[in-house]
>>> print(open('run.tsv').read())   # TSV, N, CA and C atoms
chain	number	residue	atom	x	y	z
A	12	MET	N	11.43	-43.20	20.64
A	12	MET	CA	11.13	-43.18	19.23
A	12	MET	C	10.60	-41.79	18.86
A	13	THR	N	11.19	-41.19	17.85
A	13	THR	CA	10.79	-39.87	17.39
A	13	THR	C	10.03	-40.00	16.08
A	14	ILE	N	8.88	-39.37	16.04
A	14	ILE	CA	8.09	-39.37	14.80
A	14	ILE	C	8.24	-38.00	14.16
A	15	THR	N	8.68	-37.99	12.92
A	15	THR	CA	8.86	-36.74	12.20
A	15	THR	C	7.74	-36.59	11.19
A	16	GLN	N	7.05	-35.47	11.27
A	16	GLN	CA	5.97	-35.21	10.33
A	16	GLN	C	6.53	-34.33	9.21
A	17	THR	N	6.37	-34.76	8.00
A	17	THR	CA	6.86	-33.98	6.86
A	17	THR	C	5.68	-33.32	6.17
A	18	HIS	N	5.20	-32.26	6.79
A	18	HIS	CA	4.09	-31.51	6.21
A	18	HIS	C	4.66	-30.35	5.43
A	19	LYS	N	4.32	-30.28	4.16
A	19	LYS	CA	4.78	-29.17	3.35
A	19	LYS	C	3.67	-28.13	3.34
A	20	TYR	N	3.99	-26.95	3.83
A	20	TYR	CA	3.02	-25.88	3.83
A	20	TYR	C	2.81	-25.36	2.42
A	21	THR	N	1.59	-24.94	2.16
A	21	THR	CA	1.26	-24.34	0.86
A	21	THR	C	0.83	-22.89	1.09
A	22	VAL	N	0.67	-22.18	0.01
A	22	VAL	CA	0.21	-20.79	0.08
A	22	VAL	C	-1.14	-20.74	0.81
A	23	ALA	N	-1.99	-21.71	0.58
A	23	ALA	CA	-3.31	-21.74	1.23
A	23	ALA	C	-3.22	-21.75	2.75
A	24	ASP	N	-2.14	-22.30	3.29
A	24	ASP	CA	-1.96	-22.37	4.74
A	24	ASP	C	-1.68	-21.01	5.37
A	25	VAL	N	-1.18	-20.06	4.59
A	25	VAL	CA	-0.78	-18.78	5.16
A	25	VAL	C	-1.43	-17.56	4.51
A	26	MET	N	-2.22	-17.78	3.48
A	26	MET	CA	-2.77	-16.63	2.75
A	26	MET	C	-3.95	-15.99	3.46
A	27	THR	N	-4.18	-14.74	3.12
A	27	THR	CA	-5.34	-14.01	3.60
A	27	THR	C	-6.54	-14.45	2.77
A	28	ARG	N	-7.61	-14.79	3.41
A	28	ARG	CA	-8.78	-15.30	2.67
A	28	ARG	C	-9.70	-14.18	2.19
A	29	THR	N	-9.80	-13.12	2.96
A	29	THR	CA	-10.63	-11.99	2.56
A	29	THR	C	-9.69	-10.90	2.08
A	30	VAL	N	-9.59	-10.74	0.77
A	30	VAL	CA	-8.63	-9.82	0.18
A	30	VAL	C	-9.28	-8.48	-0.11
A	31	VAL	N	-8.61	-7.41	0.30
A	31	VAL	CA	-9.07	-6.05	0.03
A	31	VAL	C	-8.38	-5.61	-1.25
A	32	THR	N	-9.14	-5.08	-2.20
A	32	THR	CA	-8.58	-4.68	-3.49
A	32	THR	C	-9.02	-3.27	-3.87
A	33	VAL	N	-8.38	-2.73	-4.89
A	33	VAL	CA	-8.81	-1.48	-5.51
A	33	VAL	C	-8.77	-1.67	-7.02
A	34	THR	N	-9.46	-0.80	-7.73
A	34	THR	CA	-9.41	-0.82	-9.19
A	34	THR	C	-8.33	0.16	-9.65
A	35	ALA	N	-7.96	0.07	-10.89
A	35	ALA	CA	-6.93	0.95	-11.44
A	35	ALA	C	-7.32	2.42	-11.37
A	36	SER	N	-8.61	2.70	-11.33
A	36	SER	CA	-9.07	4.09	-11.30
A	36	SER	C	-9.14	4.66	-9.88
A	37	ALA	N	-8.84	3.87	-8.86
A	37	ALA	CA	-8.88	4.35	-7.47
A	37	ALA	C	-7.88	5.49	-7.30
A	38	GLU	N	-8.34	6.56	-6.64
A	38	GLU	CA	-7.49	7.72	-6.44
A	38	GLU	C	-6.63	7.55	-5.19
A	39	PHE	N	-5.57	8.36	-5.12
A	39	PHE	CA	-4.58	8.28	-4.05
A	39	PHE	C	-5.21	8.23	-2.67
A	40	LYS	N	-6.11	9.16	-2.36
A	40	LYS	CA	-6.72	9.21	-1.02
A	40	LYS	C	-7.54	7.96	-0.73
A	41	GLU	N	-8.21	7.42	-1.75
A	41	GLU	CA	-8.98	6.19	-1.56
A	41	GLU	C	-8.04	5.01	-1.25
A	42	ILE	N	-6.93	4.95	-1.95
A	42	ILE	CA	-5.96	3.87	-1.73
A	42	ILE	C	-5.44	3.93	-0.29
A	43	VAL	N	-5.08	5.14	0.16
A	43	VAL	CA	-4.59	5.31	1.53
A	43	VAL	C	-5.65	4.86	2.53
A	44	ALA	N	-6.90	5.25	2.30
A	44	ALA	CA	-7.98	4.87	3.22
A	44	ALA	C	-8.18	3.36	3.26
A	45	VAL	N	-8.15	2.70	2.10
A	45	VAL	CA	-8.36	1.25	2.05
A	45	VAL	C	-7.20	0.53	2.74
A	46	ILE	N	-5.97	0.99	2.54
A	46	ILE	CA	-4.82	0.38	3.20
A	46	ILE	C	-4.96	0.53	4.71
A	47	ARG	N	-5.33	1.72	5.15
A	47	ARG	CA	-5.46	1.97	6.60
A	47	ARG	C	-6.59	1.13	7.19
A	48	GLU	N	-7.75	1.15	6.56
A	48	GLU	CA	-8.91	0.42	7.09
A	48	GLU	C	-8.69	-1.09	7.04
A	49	GLY	N	-8.03	-1.56	5.98
A	49	GLY	CA	-7.79	-3.00	5.84
A	49	GLY	C	-6.60	-3.49	6.65
A	50	LYS	N	-5.85	-2.55	7.23
A	50	LYS	CA	-4.65	-2.89	8.01
A	50	LYS	C	-3.70	-3.78	7.21
A	51	VAL	N	-3.43	-3.35	5.96
A	51	VAL	CA	-2.53	-4.07	5.07
A	51	VAL	C	-1.45	-3.10	4.59
A	52	SER	N	-0.42	-3.64	3.98
A	52	SER	CA	0.65	-2.78	3.47
A	52	SER	C	0.65	-2.69	1.95
A	53	ALA	N	-0.19	-3.49	1.31
A	53	ALA	CA	-0.28	-3.46	-0.15
A	53	ALA	C	-1.65	-3.98	-0.58
A	54	LEU	N	-2.06	-3.56	-1.78
A	54	LEU	CA	-3.37	-3.96	-2.31
A	54	LEU	C	-3.23	-4.47	-3.73
A	55	PRO	N	-3.90	-5.57	-4.05
A	55	PRO	CA	-3.98	-5.97	-5.45
A	55	PRO	C	-4.83	-4.95	-6.20
A	56	VAL	N	-4.42	-4.64	-7.41
A	56	VAL	CA	-5.20	-3.77	-8.29
A	56	VAL	C	-5.87	-4.69	-9.30
A	57	ILE	N	-7.20	-4.60	-9.37
A	57	ILE	CA	-7.94	-5.53	-10.22
A	57	ILE	C	-8.67	-4.80	-11.34
A	58	GLU	N	-9.03	-5.57	-12.35
A	58	GLU	CA	-9.87	-5.06	-13.43
A	58	GLU	C	-10.83	-6.16	-13.85
A	59	GLY	N	-11.89	-5.76	-14.51
A	59	GLY	CA	-12.86	-6.73	-15.01
A	59	GLY	C	-13.45	-7.60	-13.93
A	60	GLU	N	-13.37	-8.89	-14.14
A	60	GLU	CA	-13.96	-9.87	-13.22
A	60	GLU	C	-13.02	-10.26	-12.08
A	61	GLY	N	-12.17	-9.33	-11.67
A	61	GLY	CA	-11.29	-9.60	-10.54
A	61	GLY	C	-9.89	-10.03	-10.92
A	62	ARG	N	-9.52	-9.85	-12.19
A	62	ARG	CA	-8.16	-10.22	-12.63
A	62	ARG	C	-7.16	-9.24	-12.04
A	63	VAL	N	-6.13	-9.76	-11.38
A	63	VAL	CA	-5.10	-8.93	-10.77
A	63	VAL	C	-4.15	-8.42	-11.86
A	64	VAL	N	-4.03	-7.08	-11.94
A	64	VAL	CA	-3.17	-6.48	-12.96
A	64	VAL	C	-1.93	-5.81	-12.37
A	65	GLY	N	-1.92	-5.65	-11.04
A	65	GLY	CA	-0.79	-5.01	-10.40
A	65	GLY	C	-0.97	-4.99	-8.89
A	66	VAL	N	-0.02	-4.37	-8.22
A	66	VAL	CA	-0.07	-4.23	-6.77
A	66	VAL	C	0.38	-2.81	-6.44
A	67	VAL	N	-0.39	-2.14	-5.59
A	67	VAL	CA	0.01	-0.82	-5.11
A	67	VAL	C	0.31	-0.97	-3.62
A	68	SER	N	1.49	-0.50	-3.22
A	68	SER	CA	1.95	-0.69	-1.84
A	68	SER	C	2.17	0.64	-1.14
A	69	GLU	N	2.38	0.55	0.16
A	69	GLU	CA	2.72	1.74	0.92
A	69	GLU	C	3.97	2.39	0.34
A	70	ALA	N	4.92	1.60	-0.11
A	70	ALA	CA	6.15	2.13	-0.69
A	70	ALA	C	5.85	2.96	-1.94
A	71	ASP	N	4.91	2.49	-2.76
A	71	ASP	CA	4.51	3.26	-3.95
A	71	ASP	C	3.92	4.61	-3.56
A	72	LEU	N	3.14	4.62	-2.49
A	72	LEU	CA	2.51	5.85	-2.02
A	72	LEU	C	3.54	6.80	-1.40
A	73	LEU	N	4.52	6.24	-0.72
A	73	LEU	CA	5.54	7.07	-0.08
A	73	LEU	C	6.39	7.81	-1.09
A	74	VAL	N	6.64	7.19	-2.24
A	74	VAL	CA	7.41	7.84	-3.30
A	74	VAL	C	6.71	9.12	-3.72
A	75	LYS	N	5.39	9.04	-3.87
A	75	LYS	CA	4.62	10.21	-4.27
A	75	LYS	C	4.69	11.29	-3.20
A	76	GLU	N	4.50	10.90	-1.96
A	76	GLU	CA	4.52	11.87	-0.86
A	76	GLU	C	5.91	12.48	-0.66
A	77	GLU	N	6.94	11.66	-0.85
A	77	GLU	CA	8.31	12.14	-0.68
A	77	GLU	C	8.63	13.26	-1.65
A	78	SER	N	8.06	13.19	-2.84
A	78	SER	CA	8.39	14.15	-3.88
A	78	SER	C	7.69	15.50	-3.71
A	79	ARG	N	6.70	15.57	-2.83
A	79	ARG	CA	5.99	16.82	-2.63
A	79	ARG	C	6.93	17.88	-2.06
A	80	GLY	N	7.05	18.99	-2.79
A	80	GLY	CA	7.87	20.10	-2.33
A	80	GLY	C	9.37	19.81	-2.35
A	81	HIS	N	9.78	18.74	-3.02
A	81	HIS	CA	11.20	18.38	-3.06
A	81	HIS	C	11.58	18.17	-4.52
A	82	ARG	N	12.46	19.00	-5.02
A	82	ARG	CA	12.93	18.85	-6.40
A	82	ARG	C	14.19	18.01	-6.41
A	83	LEU	N	14.17	16.99	-7.24
A	83	LEU	CA	15.34	16.12	-7.36
A	83	LEU	C	16.33	16.71	-8.36
A	84	GLY	N	17.61	16.53	-8.08
A	84	GLY	CA	18.63	16.92	-9.05
A	84	GLY	C	18.65	15.93	-10.20
A	85	LEU	N	19.32	16.29	-11.28
A	85	LEU	CA	19.36	15.46	-12.48
A	85	LEU	C	19.92	14.07	-12.20
A	86	ILE	N	21.01	13.99	-11.46
A	86	ILE	CA	21.62	12.69	-11.16
A	86	ILE	C	20.66	11.83	-10.34
A	87	GLU	N	20.04	12.42	-9.34
A	87	GLU	CA	19.08	11.68	-8.50
A	87	GLU	C	17.89	11.21	-9.33
A	88	GLN	N	17.44	12.05	-10.27
A	88	GLN	CA	16.33	11.66	-11.15
A	88	GLN	C	16.70	10.44	-11.98
A	89	LEU	N	17.93	10.43	-12.50
A	89	LEU	CA	18.37	9.29	-13.32
A	89	LEU	C	18.45	8.01	-12.49
A	90	HIS	N	18.91	8.12	-11.26
A	90	HIS	CA	19.02	6.94	-10.39
A	90	HIS	C	17.66	6.43	-9.96
A	91	ARG	N	16.68	7.31	-9.92
A	91	ARG	CA	15.36	6.94	-9.41
A	91	ARG	C	14.29	7.12	-10.47
A	92	GLN	N	14.58	6.77	-11.72
A	92	GLN	CA	13.65	7.01	-12.81
A	92	GLN	C	12.27	6.42	-12.58
A	93	GLY	N	12.20	5.16	-12.19
A	93	GLY	CA	10.89	4.52	-11.96
A	93	GLY	C	10.12	5.21	-10.87
A	94	ALA	N	10.79	5.52	-9.78
A	94	ALA	CA	10.13	6.18	-8.66
A	94	ALA	C	9.71	7.59	-9.03
A	95	THR	N	10.55	8.29	-9.79
A	95	THR	CA	10.22	9.65	-10.20
A	95	THR	C	8.99	9.66	-11.09
A	96	ALA	N	8.86	8.69	-11.96
A	96	ALA	CA	7.69	8.61	-12.84
A	96	ALA	C	6.41	8.43	-12.02
A	97	LYS	N	6.48	7.66	-10.96
A	97	LYS	CA	5.30	7.42	-10.12
A	97	LYS	C	4.93	8.64	-9.28
A	98	ALA	N	5.88	9.53	-9.05
A	98	ALA	CA	5.66	10.66	-8.14
A	98	ALA	C	4.52	11.56	-8.59
A	99	GLY	N	4.29	11.68	-9.88
A	99	GLY	CA	3.22	12.54	-10.37
A	99	GLY	C	1.90	11.81	-10.53
A	100	SER	N	1.86	10.55	-10.18
A	100	SER	CA	0.67	9.73	-10.38
A	100	SER	C	-0.41	10.03	-9.34
A	101	THR	N	-1.66	9.83	-9.76
A	101	THR	CA	-2.77	10.08	-8.84
A	101	THR	C	-3.71	8.88	-8.71
A	102	HIS	N	-3.56	7.86	-9.55
A	102	HIS	CA	-4.45	6.70	-9.55
A	102	HIS	C	-3.66	5.40	-9.39
A	103	ALA	N	-4.33	4.39	-8.88
A	103	ALA	CA	-3.69	3.09	-8.65
A	103	ALA	C	-3.04	2.53	-9.91
A	104	GLY	N	-3.68	2.71	-11.05
A	104	GLY	CA	-3.15	2.20	-12.30
A	104	GLY	C	-1.80	2.78	-12.66
A	105	GLU	N	-1.54	4.01	-12.20
A	105	GLU	CA	-0.26	4.67	-12.47
A	105	GLU	C	0.76	4.40	-11.37
A	106	LEU	N	0.28	4.19	-10.15
A	106	LEU	CA	1.16	3.98	-9.00
A	106	LEU	C	1.60	2.53	-8.84
A	107	MET	N	0.81	1.60	-9.35
A	107	MET	CA	1.04	0.17	-9.08
A	107	MET	C	2.30	-0.37	-9.73
A	108	THR	N	2.79	-1.45	-9.14
A	108	THR	CA	3.85	-2.24	-9.73
A	108	THR	C	3.16	-3.29	-10.58
A	109	SER	N	3.60	-3.40	-11.81
A	109	SER	CA	2.94	-4.31	-12.74
A	109	SER	C	3.98	-4.96	-13.64
A	110	PRO	N	3.78	-6.18	-14.08
A	110	PRO	CA	2.65	-7.05	-13.81
A	110	PRO	C	2.75	-7.65	-12.41
A	111	ALA	N	1.61	-8.03	-11.89
A	111	ALA	CA	1.56	-8.70	-10.60
A	111	ALA	C	2.00	-10.14	-10.77
A	112	VAL	N	2.79	-10.63	-9.84
A	112	VAL	CA	3.19	-12.03	-9.85
A	112	VAL	C	2.23	-12.76	-8.94
A	113	THR	N	1.52	-13.73	-9.47
A	113	THR	CA	0.55	-14.49	-8.69
A	113	THR	C	0.91	-15.97	-8.70
A	114	VAL	N	0.45	-16.67	-7.69
A	114	VAL	CA	0.68	-18.11	-7.58
A	114	VAL	C	-0.62	-18.80	-7.19
A	115	ASP	N	-0.69	-20.07	-7.44
A	115	ASP	CA	-1.84	-20.89	-7.08
A	115	ASP	C	-1.82	-21.14	-5.57
A	116	ALA	N	-2.99	-21.22	-4.97
A	116	ALA	CA	-3.10	-21.46	-3.52
A	116	ALA	C	-2.45	-22.78	-3.11
A	117	GLY	N	-2.36	-23.73	-4.01
A	117	GLY	CA	-1.76	-25.03	-3.69
A	117	GLY	C	-0.26	-25.07	-3.87
A	118	ALA	N	0.35	-23.95	-4.26
A	118	ALA	CA	1.80	-23.93	-4.49
A	118	ALA	C	2.54	-24.15	-3.17
A	119	PRO	N	3.62	-24.94	-3.19
A	119	PRO	CA	4.40	-25.18	-1.97
A	119	PRO	C	5.07	-23.88	-1.51
A	120	LEU	N	4.96	-23.59	-0.24
A	120	LEU	CA	5.47	-22.34	0.32
A	120	LEU	C	6.97	-22.13	0.10
A	121	PRO	N	7.82	-23.15	0.30
A	121	PRO	CA	9.26	-22.92	0.08
A	121	PRO	C	9.58	-22.43	-1.34
A	122	GLY	N	8.89	-22.97	-2.33
A	122	GLY	CA	9.12	-22.55	-3.71
A	122	GLY	C	8.70	-21.12	-3.95
A	123	VAL	N	7.58	-20.72	-3.35
A	123	VAL	CA	7.07	-19.36	-3.50
A	123	VAL	C	8.02	-18.37	-2.81
A	124	VAL	N	8.52	-18.73	-1.66
A	124	VAL	CA	9.47	-17.86	-0.95
A	124	VAL	C	10.72	-17.67	-1.82
A	125	GLY	N	11.17	-18.73	-2.46
A	125	GLY	CA	12.33	-18.64	-3.35
A	125	GLY	C	12.09	-17.67	-4.49
A	126	VAL	N	10.91	-17.73	-5.09
A	126	VAL	CA	10.56	-16.82	-6.19
A	126	VAL	C	10.53	-15.39	-5.68
A	127	MET	N	9.93	-15.17	-4.51
A	127	MET	CA	9.86	-13.82	-3.95
A	127	MET	C	11.26	-13.26	-3.70
A	128	CYS	N	12.15	-14.09	-3.21
A	128	CYS	CA	13.52	-13.64	-2.95
A	128	CYS	C	14.23	-13.27	-4.25
A	129	GLU	N	14.02	-14.07	-5.29
A	129	GLU	CA	14.63	-13.77	-6.59
A	129	GLU	C	14.12	-12.45	-7.15
A	130	LEU	N	12.82	-12.20	-7.00
A	130	LEU	CA	12.23	-10.99	-7.55
A	130	LEU	C	12.61	-9.73	-6.79
A	131	THR	N	12.94	-9.85	-5.52
A	131	THR	CA	13.27	-8.68	-4.72
A	131	THR	C	14.76	-8.50	-4.48
A	132	ALA	N	15.56	-9.45	-4.95
A	132	ALA	CA	17.01	-9.34	-4.74
A	132	ALA	C	17.57	-8.22	-5.62
A	133	PRO	N	18.51	-7.46	-5.09
A	133	PRO	CA	19.13	-6.42	-5.92
A	133	PRO	C	19.93	-7.05	-7.05
A	134	PRO	N	20.02	-6.36	-8.17
A	134	PRO	CA	20.78	-6.93	-9.28
A	134	PRO	C	22.24	-7.17	-8.88
A	135	SER	N	22.81	-8.24	-9.37
A	135	SER	CA	24.20	-8.54	-9.03
A	135	SER	C	25.14	-7.75	-9.93
A	136	ALA	N	26.31	-7.50	-9.43
A	136	ALA	CA	27.32	-6.78	-10.20
A	136	ALA	C	27.85	-7.66	-11.32
A	137	PRO	N	28.24	-7.04	-12.42
A	137	PRO	CA	28.78	-7.85	-13.55
A	137	PRO	C	30.09	-8.52	-13.21
>>> encode(input="run.tsv", output="structure tokens")
Amino acid sequence: MTITQTHKYTVADVMTRTVVTVTASAEFKEIVAVIREGKVSALPVIEGEGRVVGVVSEADLLVKEESRGHRLGLIEQLHRQGATAKAGSTHAGELMTSPAVTVDAGAPLPGVVGVMCELTAPPSAP
């Protein structure tokens, strides 16, 4: 006789409980230090009483570093408009991806994974 357990995992089952954050005014070097010390790849950007307004990631920081000493051609600038705009940024509020997509800790994990996949999927061809 086989007993099958149908446990649905929620975000609470896999989430980080102690979250490292920065404010929108955090400078580039501070963001890098917090990411390194926290051993994370992205940080929520908060304001006021802890409301999440965006997320700054290693990828956001790399765009800035990549542009140092490298001039993009006009075509490349057009293809990378969002990234090019972030390249001159110095604070989390300018570097972050916004708005942040947040979910409740009780949300079922399969549904959240589906949303994440939809948000990160490349646009489909017409």
>>> residues_around(input="run.tsv", residues="range 17-27 of chain A", least_positions_apart="4", cutoff="6.5 Å", atoms="only N, CA and C atoms", output="VMD selection string")
chain A and resid 115 to 121
>>> atom_distance(input="run.tsv", atom1="CA of Ser109 in chain A", atom2="CA of Val67 in chain A")
8.9 Å
>>> closest_residue(input="run.tsv", among="A:Leu54, A:Val66, A:Leu130, A:Val123", to="Leu106 in chain A", atoms="only N, CA and C atoms")
A:Val66
>>> atom_distance(input="run.tsv", atom1="CA of Thr113 in chain A", atom2="CA of Val63 in chain A")
8.2 Å
>>> atom_distance(input="run.tsv", atom1="CA of Ile46 in chain A", atom2="atom C of Val64 in chain A")
17.0 Å
>>> residues_around(input="run.tsv", residues="Phe39 in chain A", least_positions_apart="6", cutoff="8 Å", atoms="only C-alpha atoms", output="MDAnalysis selection string")
chainID A and resid 72 101:103
>>> closest_residue(input="run.tsv", among="A:Ile57, A:Val74, A:Met127, A:Met107", to="Thr32 in chain A", atoms="all atoms listed in the file")
A:Ile57
>>> build_atoms(input="run.tsv", residues="range 117-127 of chain A", atoms="all heavy atoms", output="PDB file, in the coordinates of the input")
ATOM      1  N   GLY A 117      -2.360 -23.730  -4.010  1.00  0.00           N
ATOM      2  CA  GLY A 117      -1.760 -25.030  -3.690  1.00  0.00           C
ATOM      3  C   GLY A 117      -0.260 -25.070  -3.870  1.00  0.00           C
ATOM      4  O   GLY A 117       0.373 -26.101  -3.614  1.00  0.00           O
ATOM      5  N   ALA A 118       0.350 -23.950  -4.260  1.00  0.00           N
ATOM      6  CA  ALA A 118       1.800 -23.930  -4.490  1.00  0.00           C
ATOM      7  C   ALA A 118       2.540 -24.150  -3.170  1.00  0.00           C
ATOM      8  O   ALA A 118       2.166 -23.592  -2.145  1.00  0.00           O
ATOM      9  CB  ALA A 118       2.202 -22.597  -5.107  1.00  0.00           C
ATOM     10  N   PRO A 119       3.620 -24.940  -3.190  1.00  0.00           N
ATOM     11  CA  PRO A 119       4.400 -25.180  -1.970  1.00  0.00           C
ATOM     12  C   PRO A 119       5.070 -23.880  -1.510  1.00  0.00           C
ATOM     13  O   PRO A 119       5.665 -23.161  -2.306  1.00  0.00           O
ATOM     14  CB  PRO A 119       5.451 -26.201  -2.386  1.00  0.00           C
ATOM     15  CG  PRO A 119       5.109 -26.632  -3.763  1.00  0.00           C
ATOM     16  CD  PRO A 119       4.130 -25.680  -4.326  1.00  0.00           C
ATOM     17  N   LEU A 120       4.960 -23.590  -0.240  1.00  0.00           N
ATOM     18  CA  LEU A 120       5.470 -22.340   0.320  1.00  0.00           C
ATOM     19  C   LEU A 120       6.970 -22.130   0.100  1.00  0.00           C
ATOM     20  O   LEU A 120       7.382 -21.034  -0.281  1.00  0.00           O
ATOM     21  CB  LEU A 120       5.117 -22.264   1.802  1.00  0.00           C
ATOM     22  CG  LEU A 120       5.018 -20.879   2.399  1.00  0.00           C
ATOM     23  CD1 LEU A 120       4.147 -19.955   1.589  1.00  0.00           C
ATOM     24  CD2 LEU A 120       4.519 -20.970   3.822  1.00  0.00           C
ATOM     25  N   PRO A 121       7.820 -23.150   0.300  1.00  0.00           N
ATOM     26  CA  PRO A 121       9.260 -22.920   0.080  1.00  0.00           C
ATOM     27  C   PRO A 121       9.580 -22.430  -1.340  1.00  0.00           C
ATOM     28  O   PRO A 121      10.415 -21.562  -1.524  1.00  0.00           O
ATOM     29  CB  PRO A 121       9.893 -24.286   0.355  1.00  0.00           C
ATOM     30  CG  PRO A 121       8.926 -24.970   1.265  1.00  0.00           C
ATOM     31  CD  PRO A 121       7.562 -24.503   0.809  1.00  0.00           C
ATOM     32  N   GLY A 122       8.890 -22.970  -2.330  1.00  0.00           N
ATOM     33  CA  GLY A 122       9.120 -22.550  -3.710  1.00  0.00           C
ATOM     34  C   GLY A 122       8.700 -21.120  -3.950  1.00  0.00           C
ATOM     35  O   GLY A 122       9.361 -20.358  -4.648  1.00  0.00           O
ATOM     36  N   VAL A 123       7.580 -20.720  -3.350  1.00  0.00           N
ATOM     37  CA  VAL A 123       7.070 -19.360  -3.500  1.00  0.00           C
ATOM     38  C   VAL A 123       8.020 -18.370  -2.810  1.00  0.00           C
ATOM     39  O   VAL A 123       8.314 -17.299  -3.355  1.00  0.00           O
ATOM     40  CB  VAL A 123       5.638 -19.233  -2.936  1.00  0.00           C
ATOM     41  CG1 VAL A 123       5.179 -17.797  -2.945  1.00  0.00           C
ATOM     42  CG2 VAL A 123       4.697 -20.114  -3.739  1.00  0.00           C
ATOM     43  N   VAL A 124       8.520 -18.730  -1.660  1.00  0.00           N
ATOM     44  CA  VAL A 124       9.470 -17.860  -0.950  1.00  0.00           C
ATOM     45  C   VAL A 124      10.720 -17.670  -1.820  1.00  0.00           C
ATOM     46  O   VAL A 124      11.254 -16.559  -1.927  1.00  0.00           O
ATOM     47  CB  VAL A 124       9.832 -18.434   0.438  1.00  0.00           C
ATOM     48  CG1 VAL A 124      10.990 -17.676   1.061  1.00  0.00           C
ATOM     49  CG2 VAL A 124       8.613 -18.408   1.343  1.00  0.00           C
ATOM     50  N   GLY A 125      11.170 -18.730  -2.460  1.00  0.00           N
ATOM     51  CA  GLY A 125      12.330 -18.640  -3.350  1.00  0.00           C
ATOM     52  C   GLY A 125      12.090 -17.670  -4.490  1.00  0.00           C
ATOM     53  O   GLY A 125      12.953 -16.847  -4.816  1.00  0.00           O
ATOM     54  N   VAL A 126      10.910 -17.730  -5.090  1.00  0.00           N
ATOM     55  CA  VAL A 126      10.560 -16.820  -6.190  1.00  0.00           C
ATOM     56  C   VAL A 126      10.530 -15.390  -5.680  1.00  0.00           C
ATOM     57  O   VAL A 126      11.055 -14.469  -6.326  1.00  0.00           O
ATOM     58  CB  VAL A 126       9.207 -17.212  -6.819  1.00  0.00           C
ATOM     59  CG1 VAL A 126       8.722 -16.135  -7.775  1.00  0.00           C
ATOM     60  CG2 VAL A 126       9.320 -18.547  -7.535  1.00  0.00           C
ATOM     61  N   MET A 127       9.930 -15.170  -4.510  1.00  0.00           N
ATOM     62  CA  MET A 127       9.860 -13.820  -3.950  1.00  0.00           C
ATOM     63  C   MET A 127      11.260 -13.260  -3.700  1.00  0.00           C
ATOM     64  O   MET A 127      11.527 -12.082  -3.973  1.00  0.00           O
ATOM     65  CB  MET A 127       9.060 -13.829  -2.649  1.00  0.00           C
ATOM     66  CG  MET A 127       7.589 -14.084  -2.857  1.00  0.00           C
ATOM     67  SD  MET A 127       6.677 -14.324  -1.313  1.00  0.00           S
ATOM     68  CE  MET A 127       6.815 -12.707  -0.568  1.00  0.00           C
TER      69      MET A 127
END
